[in-house]
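*Asks:* Once you've had a glance at the structure underneath, I'll fire off some questions.
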Amino acid sequence: MRKLLLESLLKVPVTEPAPDRDAAALAELAGTVDRAARATLGRSLSIRQIDAGSCNACELEIHALANAFYDLERFGLRFVASPRHADVLLVTGPVTKNMREALERTWRATPAPKWVVAAGGCARDGGIFAGSYACVGGVSAVIPVDLHIPGCPPTPTALLKGLIALMTAAASTTAAPPHG
Amino acid sequence: MPSLSSKLSDALAGGLGVEHHRPWPRTVVGREAWQALSAQLAAGQCTLLALWGERAAVNMALLDEDASGVAVATCPCPDGMFHSVGQVHAPAIRLERAIQDLFGLAADGLPDPRPWLDHGSWGVRHPLGGDGEAAVETGPYVFLPAEGEGLHQIAVGPVHAGIIEPGHFRFTANGETIVRLEERLGYVHKGIESLMAGKSLEDAGRLAGRTSGDSTVAYAYAFARAAEAALGVEVPPRAVWLRALMAELERLANHLADIGAVCNDAAFALMHAHCAMLREHVLRTAAAAFGHRLMMDAIVAGGVGADLAPDGAARIRGLLATIRAAFPALIELYDKTASLQDRTVGTGFLDPALARRFGCGGYVGRASGRAFDARRNLAYPPYDGLRFDIPVLHDGDVNARVWIRIREVEQSLGLVDQILERLPRGPAVRVPVAGIGAEAEGMAVVEGFRGDVLAWIRLDGEARVTRCHLRDPSWFQWPVLEAAIEGNIVADFPLCNKSFNCSYSGQDL
């Protein structure tokens with residue numbers, strides 16, 4: 001173990017430079033974050049992930065954000081275990097009808113100010129599962145969404161770009177109040 | 001066509017054989033023969049591979065492990081009832097509860113008739129049954145009782161603390177010790193089988209590849225093989241080998257992630273950090289070689305969507321070198337860290353008898369003595385011509401499930417070597433697939449990282465899907481997790497659960 005730890009200390013880190021903020025994401029976010037939020041949050045966001053019916057591919061790529069290549073936490077972004085601790089809900093899946101209530105209750109349990117990021121094609125409009133008797137079809141049909149990150153599944157880089165854009169917006173924009 | 005083992009053929013004698021069901025036979029049987037097959041399952045003479053419904057019939061796929069024989073039995077239910085297999089053979093219970101929910105067929109004698117996938121929120125009952133009944137008000141779900149002094153309940157989920165799929169776990173504990181765990185699943189039921197009906201092979205294949213994202217290659221592989229079996233399509237040799245290459249890369253990525261994640265659930269983050277880097281290497285190589293990190297939609301009916309990228313083979317060889325350089329030190333780290341072994345050894349014991357009875361696939365079965373691997377026991381090309389070992393252990397604990405994964409990583413590295421060495425030249429990697437002008441049925445079993453994935457398909461004359469059933473290995477792993485956790489402490493549940501790593505989405509469909 002000592003050898004592994006020592007090597008990790010001495011070797012050049014594998015962590016890659018930050019990707020640019022996603023311009024499209026910034027545009028979508030303009031006006032969703034106010035100054036009070038900025039004062040409260042500074043440059044740090046706590047994220048609670050909710051799988052609302054995904055095939056689990058999105059979860060795999062969200063997991064990858066924590067590995068040494070992407071190292072999500074260096075941006076002040078971290079995943080938390082409870083919606084009570086969260087600023088951001090990161091939602092995946094077409095929202096199955098069996099998950100609808102749990103999603104609503106998790107959203108209500110999250111204190112304001114809060115933002116909702118819908119990750120993946122299914123979370124936008126149900127994607128490939130749209131029209132099923134068992135799916136609501138899109139996160140925005142259940143709770144208000146601030147940002148969509150496309151992809152099936154979104155790559156870790158796409159997720160990172162979107163989340164960094166969200167944080168930039170949270171730290172700079174003035175406009176409409178966030179969802180209470 | 002593979003020959004039918006005598007055990008199965010005796011039981012099916014007198015039934016009516018169905019034409020155009022490949023490669024294994026399907027036989028329509030009466031109620032008595034269906035009951036006799038249930039008794040054979042209960043007696044352990046064969047293994048239940050799958051049990052699924054149709055509008056007015058139920059089907060079960062059976063495996064004779066000694067003879068590597070597979071057969072499908074169909075029992076028509078004109079009165080909307082069938083004889084429950086679950087009353088004598090517990091692995092069928094959840095499958096029958098799902099059939100009741102989806103088709104409205106009643107499993108006569110089913111010991112646990114509570115709904116399984118239907119949580120009362122669809123707005124419709126029996127969505128695949130065809131009569132579009134409106135939903136009726138159902139009472140709250142009643143969990144099984146556990147009685148005794150000093151017991152308390154802990155309800156977990158469907159939204160969990162980590163980044164995992166949704167499901168509900170109801171623990172009854174005495175202090176820290178778990179007396180009973182009951183799972184409630186179905187939260188991510190998306191209605192995949194209903195969406196597939198009427199779709200082209202291409203569209204239905206995309207749905208199959210999103211049944212369980214971590215096994216997208218295995219599902220697309222099984223789906224494509226089932227469709228090709230039905231239509232009698234011969235896949236170009238290069239595509240046959242490229243498919244196996246993708247399947248082994250998927251196995252590597254998932255096993256590496258799981259080995260790290262199990263250790264992480266024992267609060268040993270160092271292992272997790274290193275394994276996660278290796279996994280990322282696999283995914284980046286897959287993206288460079290096949291155009292998608294998880295290789296989604298890369299396998300299609302008729303072959304593969306695209307050939308290996310020009311530098312794909314070199315990139316994959318580089319990946320093998322990276323893993324081979326890093327992995328031995330990680331194995332040693334796992335093996336020599338006493339505090340970690342203290343958590344994994346002896347924890348979450350799965351009785352080999354239970355693993356055999358449930359036909360548990362993958363590392364769950366192989367860590368509990370069940371030496372079944374579809375790549376060997378129901379061998380399909382190119383695995384029938386490749387050298388590899390199937391690691392089997394008998395300890396049945398978290399540690400054994402980690403070691404099976406470690407050994408399988410080593411085997412997969414060797415398989416990728418062989419595949420790259422023997423990869424046939426193209427140029428063809430895909431052939432057109434067309435209907436045969438008549439109904440055709442096919443079935444395939446493919447070994448995913450988690451275990452054997454089964455796909456059954458019925459196509460119309462134009463090769464459109466009329467009915468498709470996909471059976472995730474988790475159907476036979478989730479139930480035994482409830483048994484394996486009994487007597488463990490609540491704090492060891494994440495560890496045990498991760499060592500099983502069952503799919504929620506794959507089981508919920």
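If you're wondering about the labels, chains in the structure tokens are A, B, ... by order shown, residues count from 1 in each chain, ligands from 1 in order shown.
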With chain B as the partner and 6 Å as the cut-off, tabulate the residues of chain A that qualify, each row holding the nearest pair of atoms and their distance in Å to one decimal, using only C-alpha atoms, sorted by chain and rising number, as a tab-separated table.

*Replies:*
residue	atom	partner	partner_atom	distance
A:Asp51	CA	B:Glu165	CA	5.7
A:Gly53	CA	B:Val188	CA	4.3
A:Cys55	CA	B:Ser212	CA	5.0
A:Asn56	CA	B:Gly213	CA	5.1
A:Ala57	CA	B:Gly213	CA	4.2
A:Asn67	CA	B:Ala276	CA	5.8
A:Ala81	CA	B:Ala161	CA	4.2
A:Thr96	CA	B:Val188	CA	5.9
A:Lys97	CA	B:Ser121	CA	5.8
A:Asn98	CA	B:Tyr187	CA	4.9
A:Met99	CA	B:Tyr187	CA	5.6
A:Ala134	CA	B:Lys190	CA	5.2
A:Cys135	CA	B:Lys190	CA	6.0

*Asks:* If you run DSSP over the backbone, which residues in segment 32-155 of chain A end up alpha helix (DSSP H)? Put them as a PyMOL selection string.

*Replies:* chain A and resi 35-41+57-64+97-109+121-125

*Asks:* Rank A:Ile149, A:Leu77, A:Leu159, A:Leu4 by their smallest atom-to-atom distance to Ala24 of chain A, using only C-alpha atoms, and report the top residue only.

*Replies:*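 Selected residue with least distance to Ala24 of chain A: A:Ile149.
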
*Asks:* What lies within 9 Å of segment 79-90 of chain B using only C-alpha atoms, ignoring chain neighbours under 4 positions off, as number ranges by chain?

*Replies:* B: 31, 34-35, 37-39, 41-43, 55-58, 75, 94-96, 104-112, 357-358

*Asks:* Those same residues - C-alpha atoms - I'd like them written as an mmCIF file, in the first residue's frame.

*Replies:*
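As written to disk, part-v9.cif reads:
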data_model
loop_
_atom_site.group_PDB
_atom_site.id
_atom_site.type_symbol
_atom_site.label_atom_id
_atom_site.label_comp_id
_atom_site.auth_asym_id
_atom_site.auth_seq_id
_atom_site.Cartn_x
_atom_site.Cartn_y
_atom_site.Cartn_z
ATOM 1 C CA ARG B 31 -51.560 -28.341 -17.794
ATOM 2 C CA TRP B 34 -46.585 -28.009 -17.168
ATOM 3 C CA GLN B 35 -47.079 -29.303 -13.629
ATOM 4 C CA LEU B 37 -42.023 -29.651 -15.435
ATOM 5 C CA SER B 38 -42.615 -27.607 -12.271
ATOM 6 C CA ALA B 39 -41.995 -30.750 -10.259
ATOM 7 C CA LEU B 41 -37.615 -27.846 -11.352
ATOM 8 C CA ALA B 42 -38.541 -28.344 -7.703
ATOM 9 C CA ALA B 43 -36.601 -31.611 -7.618
ATOM 10 C CA ARG B 55 -51.742 -12.619 -23.934
ATOM 11 C CA ALA B 56 -53.133 -16.098 -23.485
ATOM 12 C CA ALA B 57 -50.167 -18.311 -22.691
ATOM 13 C CA VAL B 58 -47.154 -18.671 -20.445
ATOM 14 C CA CYS B 75 -48.835 -23.634 -21.696
ATOM 15 C CA ARG B 94 -41.378 -12.871 -8.756
ATOM 16 C CA LEU B 95 -41.572 -13.779 -12.446
ATOM 17 C CA GLU B 96 -45.150 -14.951 -11.940
ATOM 18 C CA GLY B 104 -53.583 -10.265 -16.083
ATOM 19 C CA LEU B 105 -53.078 -14.026 -16.217
ATOM 20 C CA ALA B 106 -53.645 -15.587 -12.814
ATOM 21 C CA ALA B 107 -50.969 -17.889 -11.416
ATOM 22 C CA ASP B 108 -53.113 -20.482 -9.667
ATOM 23 C CA GLY B 109 -51.597 -21.361 -6.290
ATOM 24 C CA LEU B 110 -48.952 -18.617 -6.285
ATOM 25 C CA PRO B 111 -47.935 -18.322 -2.626
ATOM 26 C CA ASP B 112 -47.255 -14.576 -2.841
ATOM 27 C CA ARG B 357 -31.670 -23.881 -6.921
ATOM 28 C CA PHE B 358 -32.076 -20.331 -8.176
#

*Asks:* Contacts of Ala146 of chain B at 9 Å or less, counting only C-alpha atoms, minus same-chain residues fewer than 6 places along, as a PDB file with C-alpha atoms, in the first residue's frame?

*Replies:*
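Saved file around-v6.pdb follows:
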ATOM      1  CA  THR B 172     -36.164  -5.761  10.165  1.00  0.00           C
ATOM      2  CA  VAL B 179     -33.442 -10.544  10.867  1.00  0.00           C
ATOM      3  CA  ARG B 180     -35.201 -10.053   7.557  1.00  0.00           C
TER       4      ARG B 180
END
